Each structure stands twice: as structure tokens, then as C-alpha cells.
Amino acid sequence: MKFTIPIAPVTKKNSMQVSVRDGKPNVRQSKPYLQYESDCLKLITGQYKLNINYPVNIKATYFMPTQRRVDLINLHSALHDILVKARVLEDDNCKIVVSTDGSRVFYDKEHPRTEIEITNANI
């Protein structure tokens with residue numbers, strides 16, 4: 001399965017907010033990440049909601065709007081969590097997402113996006 005999320009990728013780890021609730025620090029996702037997640041969920045249509053529960057490789061090609069350094073693992077973390085929330089994947093544990101072979105990060109100021117290819121990893 002192949003599809004594209006045509007918006008600029010956002011990481012979860014670098015988008016955290018700390019607030020105080022009942023006198024205790026509370027860490028939560030930032031508004032930009034939550035907006036990104038919401039936008040992605042609207043773009044991932046029913047045809048992709050397969051609730052995959054078998055071993056797959058997720059090749060993600062991220063096209064960033066700036067040339068700032070970004071950690072690939074942080075991009076994967078956000079994407080995989082969104083794929084679970086969108087019901088593309090049943091879970092993102094190591095028995096389902098067994099590899100991310102071929103994933104890369106590129107720069108595209110005009111058309112930031114994430115191109116996703118999910119293939120069966122059963123041998």
C-alpha cells in the first residue's frame with residue numbers, strides 16, 4: 001500500500017509542552033503536533049484503515065520544509081502513532097512494524113509531505 005500525507009511532517013519528541021496541573025508538572029504534546037495529528041487523521045481515508053496486525057515494513061520518505069536537522073526516529077515515532085490512531089495499523093510494536101527499511105529525510109520547501117509505503121514483511 002502506498003499513500004502520501006501532503007503536509008509538513010512534525011515530530012512528537014521536539015513538540016512537547018510542560019504545564020502545571022494540581023501543583024504537579026504535566027508533559028503533553030504541543031498544539032502544533034496535535035494539529036498535525038488531527039490533519040493527518042482527516043487525510044488517511046477509509047481505504048487505508050486495514051488495522052494491519054501482521055509483520056510489515058514501513059518505508060517513509062519525509063520531505064521537510066526546512067533544512068534543519070531532524071531525527072528520523074522521532075519522525076517515525078509520530079508517524080507510527082498516527083497510523084495506529086488512524087487504524088492503518090493495529091499496533092506499532094515490534095511484531096507488527098518489523099522494519100523501516102528505505103526510510104529517508106529530504107528537503108522540499110514547496111511541497112513538504114510524507115510518502116508512505118507499507119509492505120508485507122512475512123518471509
# chains A, B, ... in the order shown; residues from 1 in each chain; ligands from 1
call {"tool": "select_by_dssp", "arguments": {"residues": "chain A", "states": "strand (DSSP E or B)", "output": "PyMOL selection string"}}
result
chain A and resi 2-5+16-21+24-29+52+56-64+89+97-99+104-107+113-120
call {"tool": "write_last_selection", "arguments": {"atoms": "N, CA and C atoms", "output": "compact mmCIF listing (two decimals), in the first residue's frame"}}
result
# COMPACT_ATOMS: atom_id res chain seq x y z
N LYS A 2 0.51 2.22 -0.80
CA LYS A 2 1.25 3.47 -0.87
C LYS A 2 0.27 4.63 -0.73
N PHE A 3 0.67 5.64 0.03
CA PHE A 3 -0.10 6.87 0.09
C PHE A 3 0.79 8.00 0.58
N THR A 4 0.30 9.23 0.39
CA THR A 4 1.06 10.42 0.76
C THR A 4 0.23 11.27 1.71
N ILE A 5 0.90 11.77 2.73
CA ILE A 5 0.30 12.77 3.62
C ILE A 5 0.91 14.11 3.19
N MET A 16 6.92 19.05 22.70
CA MET A 16 6.28 18.81 24.00
C MET A 16 6.06 20.13 24.73
N GLN A 17 4.98 20.18 25.52
CA GLN A 17 4.70 21.32 26.37
C GLN A 17 4.64 20.86 27.80
N VAL A 18 5.15 21.67 28.69
CA VAL A 18 5.08 21.36 30.11
C VAL A 18 4.12 22.35 30.74
N SER A 19 3.17 21.82 31.48
CA SER A 19 2.24 22.66 32.20
C SER A 19 2.15 22.14 33.64
N VAL A 20 1.54 22.94 34.50
CA VAL A 20 1.38 22.53 35.88
C VAL A 20 -0.10 22.29 36.12
N ARG A 21 -0.41 21.11 36.64
CA ARG A 21 -1.79 20.74 36.93
C ARG A 21 -1.85 20.21 38.35
N LYS A 24 1.40 19.81 40.04
CA LYS A 24 2.36 18.82 39.51
C LYS A 24 2.65 19.12 38.05
N PRO A 25 3.92 18.93 37.64
CA PRO A 25 4.23 19.15 36.21
C PRO A 25 3.55 18.10 35.35
N ASN A 26 3.06 18.55 34.22
CA ASN A 26 2.37 17.68 33.28
C ASN A 26 2.98 17.89 31.90
N VAL A 27 3.44 16.83 31.26
CA VAL A 27 4.03 16.92 29.93
C VAL A 27 3.00 16.43 28.92
N ARG A 28 2.77 17.24 27.88
CA ARG A 28 1.82 16.84 26.84
C ARG A 28 2.30 17.34 25.49
N GLN A 29 1.65 16.84 24.47
CA GLN A 29 2.03 17.24 23.12
C GLN A 29 1.67 18.70 22.89
N ILE A 52 -3.87 -3.37 10.26
CA ILE A 52 -2.86 -4.40 9.95
C ILE A 52 -2.30 -4.98 11.24
N VAL A 56 5.08 -5.95 8.98
CA VAL A 56 5.22 -5.07 7.82
C VAL A 56 6.49 -4.24 7.91
N ASN A 57 6.94 -3.79 6.74
CA ASN A 57 7.99 -2.78 6.64
C ASN A 57 7.29 -1.47 6.29
N ILE A 58 7.63 -0.43 7.01
CA ILE A 58 7.08 0.89 6.71
C ILE A 58 8.22 1.76 6.19
N LYS A 59 8.20 1.98 4.89
CA LYS A 59 9.18 2.87 4.27
C LYS A 59 8.53 4.26 4.21
N ALA A 60 9.11 5.20 4.92
CA ALA A 60 8.58 6.56 4.94
C ALA A 60 9.64 7.51 4.40
N THR A 61 9.26 8.29 3.40
CA THR A 61 10.14 9.30 2.86
C THR A 61 9.56 10.65 3.28
N TYR A 62 10.30 11.33 4.14
CA TYR A 62 9.85 12.60 4.69
C TYR A 62 10.47 13.75 3.90
N PHE A 63 9.66 14.66 3.46
CA PHE A 63 10.12 15.85 2.75
C PHE A 63 9.83 17.04 3.66
N MET A 64 10.89 17.59 4.23
CA MET A 64 10.78 18.65 5.23
C MET A 64 10.78 20.04 4.56
N LEU A 89 -2.71 0.58 11.23
CA LEU A 89 -2.04 -0.48 11.96
C LEU A 89 -2.81 -0.78 13.24
N VAL A 97 5.40 -3.68 13.22
CA VAL A 97 6.36 -2.85 12.48
C VAL A 97 7.73 -3.47 12.71
N VAL A 98 8.09 -4.37 11.80
CA VAL A 98 9.34 -5.11 11.98
C VAL A 98 10.55 -4.40 11.37
N SER A 99 10.27 -3.43 10.48
CA SER A 99 11.38 -2.67 9.90
C SER A 99 10.87 -1.37 9.28
N ARG A 104 13.91 7.74 4.56
CA ARG A 104 14.88 8.83 4.38
C ARG A 104 14.21 10.16 4.68
N VAL A 105 15.05 11.20 4.84
CA VAL A 105 14.57 12.56 5.01
C VAL A 105 15.18 13.42 3.91
N PHE A 106 14.34 14.19 3.24
CA PHE A 106 14.77 15.11 2.19
C PHE A 106 14.21 16.50 2.46
N TYR A 107 14.64 17.46 1.70
CA TYR A 107 14.19 18.84 1.80
C TYR A 107 13.33 19.17 0.58
N ARG A 113 5.93 16.85 2.78
CA ARG A 113 4.98 15.74 2.80
C ARG A 113 5.66 14.51 3.38
N THR A 114 4.87 13.46 3.54
CA THR A 114 5.40 12.15 3.91
C THR A 114 4.84 11.14 2.92
N GLU A 115 5.71 10.45 2.22
CA GLU A 115 5.31 9.38 1.31
C GLU A 115 5.51 8.06 2.04
N ILE A 116 4.46 7.28 2.12
CA ILE A 116 4.46 6.05 2.93
C ILE A 116 4.22 4.84 2.03
N GLU A 117 5.05 3.83 2.24
CA GLU A 117 4.86 2.55 1.55
C GLU A 117 4.90 1.44 2.60
N ILE A 118 3.81 0.72 2.73
CA ILE A 118 3.71 -0.37 3.70
C ILE A 118 3.67 -1.68 2.93
N THR A 119 4.65 -2.54 3.21
CA THR A 119 4.71 -3.83 2.53
C THR A 119 4.74 -4.96 3.54
N ASN A 120 4.21 -6.09 3.13
CA ASN A 120 4.17 -7.28 3.96
C ASN A 120 5.61 -7.76 4.19
call {"tool": "select_by_dssp", "arguments": {"residues": "chain A", "states": "alpha helix (DSSP H)", "output": "VMD selection string"}}
result
chain A and resid 31 to 43 72 to 85
call {"tool": "write_last_selection", "arguments": {"atoms": "C-alpha atoms", "output": "compact mmCIF listing (two decimals), in the first residue's frame"}}
result
# COMPACT_ATOMS: atom_id res chain seq x y z
CA LYS A 31 -0.55 22.44 19.79
CA PRO A 32 1.44 22.20 16.51
CA TYR A 33 1.84 18.42 16.93
CA LEU A 34 -1.81 17.94 17.91
CA GLN A 35 -2.87 19.95 14.84
CA TYR A 36 -0.57 17.85 12.65
CA GLU A 37 -2.02 14.64 14.07
CA SER A 38 -5.58 15.89 13.56
CA ASP A 39 -4.84 16.92 9.96
CA CYS A 40 -3.23 13.55 9.21
CA LEU A 41 -6.20 11.64 10.62
CA LYS A 42 -8.52 13.57 8.29
CA LEU A 43 -6.32 12.75 5.29
CA LEU A 72 14.47 10.14 11.68
CA ILE A 73 13.45 8.06 14.69
CA ASN A 74 11.36 10.96 16.04
CA LEU A 75 9.58 11.30 12.70
CA HIS A 76 8.92 7.55 12.71
CA SER A 77 7.53 7.68 16.24
CA ALA A 78 4.99 10.33 15.29
CA LEU A 79 4.04 8.62 12.03
CA HIS A 80 3.62 5.17 13.58
CA ASP A 81 1.45 6.52 16.39
CA ILE A 82 -0.73 8.33 13.83
CA LEU A 83 -1.02 5.16 11.73
CA VAL A 84 -2.26 3.31 14.83
CA LYS A 85 -4.70 6.08 15.73
call {"tool": "atom_distance", "arguments": {"atom1": "atom CA of A:Val88", "atom2": "atom CA of A:Lys13"}}
result
21.9 Å
call {"tool": "closest_residue", "arguments": {"among": "A:Val70, A:Ala86, A:Cys94, A:Ala8", "to": "A:Lys49", "atoms": "only C-alpha atoms"}}
result
A:Ala86
call {"tool": "decode", "arguments": {"residues": "chain A", "atoms": "C-alpha atoms", "output": "mmCIF file, in the first residue's frame"}}
result
data_model
loop_
_atom_site.group_PDB
_atom_site.id
_atom_site.type_symbol
_atom_site.label_atom_id
_atom_site.label_comp_id
_atom_site.auth_asym_id
_atom_site.auth_seq_id
_atom_site.Cartn_x
_atom_site.Cartn_y
_atom_site.Cartn_z
ATOM 1 C CA MET A 1 0.000 0.000 0.000
ATOM 2 C CA LYS A 2 1.250 3.472 -0.867
ATOM 3 C CA PHE A 3 -0.101 6.873 0.090
ATOM 4 C CA THR A 4 1.055 10.419 0.759
ATOM 5 C CA ILE A 5 0.301 12.773 3.625
ATOM 6 C CA PRO A 6 0.661 16.157 1.868
ATOM 7 C CA ILE A 7 1.601 18.291 4.888
ATOM 8 C CA ALA A 8 4.880 19.119 6.617
ATOM 9 C CA PRO A 9 5.971 16.325 8.999
ATOM 10 C CA VAL A 10 6.127 17.172 12.721
ATOM 11 C CA THR A 11 7.888 15.180 15.434
ATOM 12 C CA LYS A 12 6.363 14.375 18.803
ATOM 13 C CA LYS A 13 9.508 14.494 20.889
ATOM 14 C CA ASN A 14 10.525 18.020 19.931
ATOM 15 C CA SER A 15 6.979 19.279 20.308
ATOM 16 C CA MET A 16 6.284 18.806 23.997
ATOM 17 C CA GLN A 17 4.696 21.324 26.368
ATOM 18 C CA VAL A 18 5.081 21.356 30.111
ATOM 19 C CA SER A 19 2.242 22.663 32.204
ATOM 20 C CA VAL A 20 1.381 22.532 35.884
ATOM 21 C CA ARG A 21 -1.794 20.742 36.935
ATOM 22 C CA ASP A 22 -2.799 20.426 40.579
ATOM 23 C CA GLY A 23 0.681 21.615 41.513
ATOM 24 C CA LYS A 24 2.362 18.825 39.514
ATOM 25 C CA PRO A 25 4.233 19.153 36.215
ATOM 26 C CA ASN A 26 2.367 17.678 33.282
ATOM 27 C CA VAL A 27 4.029 16.923 29.928
ATOM 28 C CA ARG A 28 1.816 16.843 26.844
ATOM 29 C CA GLN A 29 2.031 17.239 23.120
ATOM 30 C CA SER A 30 2.226 20.774 21.750
ATOM 31 C CA LYS A 31 -0.555 22.438 19.794
ATOM 32 C CA PRO A 32 1.444 22.196 16.512
ATOM 33 C CA TYR A 33 1.836 18.419 16.927
ATOM 34 C CA LEU A 34 -1.809 17.936 17.906
ATOM 35 C CA GLN A 35 -2.870 19.955 14.843
ATOM 36 C CA TYR A 36 -0.567 17.852 12.645
ATOM 37 C CA GLU A 37 -2.019 14.644 14.073
ATOM 38 C CA SER A 38 -5.583 15.893 13.557
ATOM 39 C CA ASP A 39 -4.840 16.920 9.957
ATOM 40 C CA CYS A 40 -3.226 13.548 9.208
ATOM 41 C CA LEU A 41 -6.196 11.643 10.623
ATOM 42 C CA LYS A 42 -8.521 13.573 8.288
ATOM 43 C CA LEU A 43 -6.324 12.747 5.292
ATOM 44 C CA ILE A 44 -5.990 8.997 5.906
ATOM 45 C CA THR A 45 -9.177 7.689 4.313
ATOM 46 C CA GLY A 46 -11.153 4.513 4.884
ATOM 47 C CA GLN A 47 -9.391 2.525 2.163
ATOM 48 C CA TYR A 48 -6.225 2.552 4.296
ATOM 49 C CA LYS A 49 -7.891 1.668 7.605
ATOM 50 C CA LEU A 50 -6.966 -2.015 7.482
ATOM 51 C CA ASN A 51 -5.926 -2.474 11.131
ATOM 52 C CA ILE A 52 -2.856 -4.398 9.950
ATOM 53 C CA ASN A 53 -1.784 -6.985 12.530
ATOM 54 C CA TYR A 54 0.947 -8.881 10.656
ATOM 55 C CA PRO A 55 4.650 -8.042 10.140
ATOM 56 C CA VAL A 56 5.221 -5.073 7.816
ATOM 57 C CA ASN A 57 7.988 -2.781 6.637
ATOM 58 C CA ILE A 58 7.079 0.893 6.705
ATOM 59 C CA LYS A 59 9.181 2.874 4.270
ATOM 60 C CA ALA A 60 8.584 6.560 4.942
ATOM 61 C CA THR A 61 10.140 9.303 2.860
ATOM 62 C CA TYR A 62 9.855 12.604 4.691
ATOM 63 C CA PHE A 63 10.120 15.850 2.755
ATOM 64 C CA MET A 64 10.778 18.655 5.225
ATOM 65 C CA PRO A 65 10.044 22.362 4.576
ATOM 66 C CA THR A 66 13.390 23.463 6.043
ATOM 67 C CA GLN A 67 16.932 22.120 6.029
ATOM 68 C CA ARG A 68 17.092 21.964 9.829
ATOM 69 C CA ARG A 69 18.340 18.687 11.219
ATOM 70 C CA VAL A 70 15.683 16.290 12.359
ATOM 71 C CA ASP A 71 15.921 12.831 13.910
ATOM 72 C CA LEU A 72 14.467 10.143 11.681
ATOM 73 C CA ILE A 73 13.452 8.057 14.692
ATOM 74 C CA ASN A 74 11.362 10.957 16.045
ATOM 75 C CA LEU A 75 9.576 11.300 12.702
ATOM 76 C CA HIS A 76 8.916 7.547 12.706
ATOM 77 C CA SER A 77 7.534 7.677 16.236
ATOM 78 C CA ALA A 78 4.986 10.335 15.293
ATOM 79 C CA LEU A 79 4.037 8.618 12.033
ATOM 80 C CA HIS A 80 3.625 5.172 13.579
ATOM 81 C CA ASP A 81 1.453 6.524 16.387
ATOM 82 C CA ILE A 82 -0.728 8.328 13.830
ATOM 83 C CA LEU A 83 -1.020 5.157 11.732
ATOM 84 C CA VAL A 84 -2.263 3.309 14.827
ATOM 85 C CA LYS A 85 -4.698 6.076 15.726
ATOM 86 C CA ALA A 86 -5.969 6.105 12.114
ATOM 87 C CA ARG A 87 -6.416 2.302 12.286
ATOM 88 C CA VAL A 88 -3.991 1.630 9.460
ATOM 89 C CA LEU A 89 -2.036 -0.484 11.965
ATOM 90 C CA GLU A 90 -3.422 -2.413 14.906
ATOM 91 C CA ASP A 91 -0.317 -1.501 16.917
ATOM 92 C CA ASP A 92 3.201 -0.234 16.262
ATOM 93 C CA ASN A 93 5.014 -2.841 18.342
ATOM 94 C CA CYS A 94 7.997 -4.803 17.016
ATOM 95 C CA LYS A 95 5.864 -7.777 15.963
ATOM 96 C CA ILE A 96 3.917 -5.603 13.503
ATOM 97 C CA VAL A 97 6.357 -2.853 12.477
ATOM 98 C CA VAL A 98 9.345 -5.114 11.984
ATOM 99 C CA SER A 99 11.384 -2.671 9.905
ATOM 100 C CA THR A 100 11.536 0.798 8.409
ATOM 101 C CA ASP A 101 13.961 -0.084 5.630
ATOM 102 C CA GLY A 102 14.443 2.550 2.943
ATOM 103 C CA SER A 103 13.192 5.485 5.019
ATOM 104 C CA ARG A 104 14.877 8.831 4.378
ATOM 105 C CA VAL A 105 14.567 12.563 5.015
ATOM 106 C CA PHE A 106 14.775 15.106 2.187
ATOM 107 C CA TYR A 107 14.187 18.840 1.795
ATOM 108 C CA ASP A 108 11.292 20.222 -0.272
ATOM 109 C CA LYS A 109 10.340 23.769 0.678
ATOM 110 C CA GLU A 110 7.475 23.917 -1.825
ATOM 111 C CA HIS A 111 5.819 20.539 -1.150
ATOM 112 C CA PRO A 112 6.585 19.151 2.326
ATOM 113 C CA ARG A 113 4.982 15.736 2.797
ATOM 114 C CA THR A 114 5.395 12.150 3.910
ATOM 115 C CA GLU A 115 5.309 9.376 1.306
ATOM 116 C CA ILE A 116 4.463 6.052 2.929
ATOM 117 C CA GLU A 117 4.857 2.554 1.549
ATOM 118 C CA ILE A 118 3.710 -0.369 3.696
ATOM 119 C CA THR A 119 4.708 -3.828 2.527
ATOM 120 C CA ASN A 120 4.174 -7.282 3.961
ATOM 121 C CA ALA A 121 7.323 -8.450 5.767
ATOM 122 C CA ASN A 122 6.317 -12.107 6.084
ATOM 123 C CA ILE A 123 9.028 -14.241 4.538
#
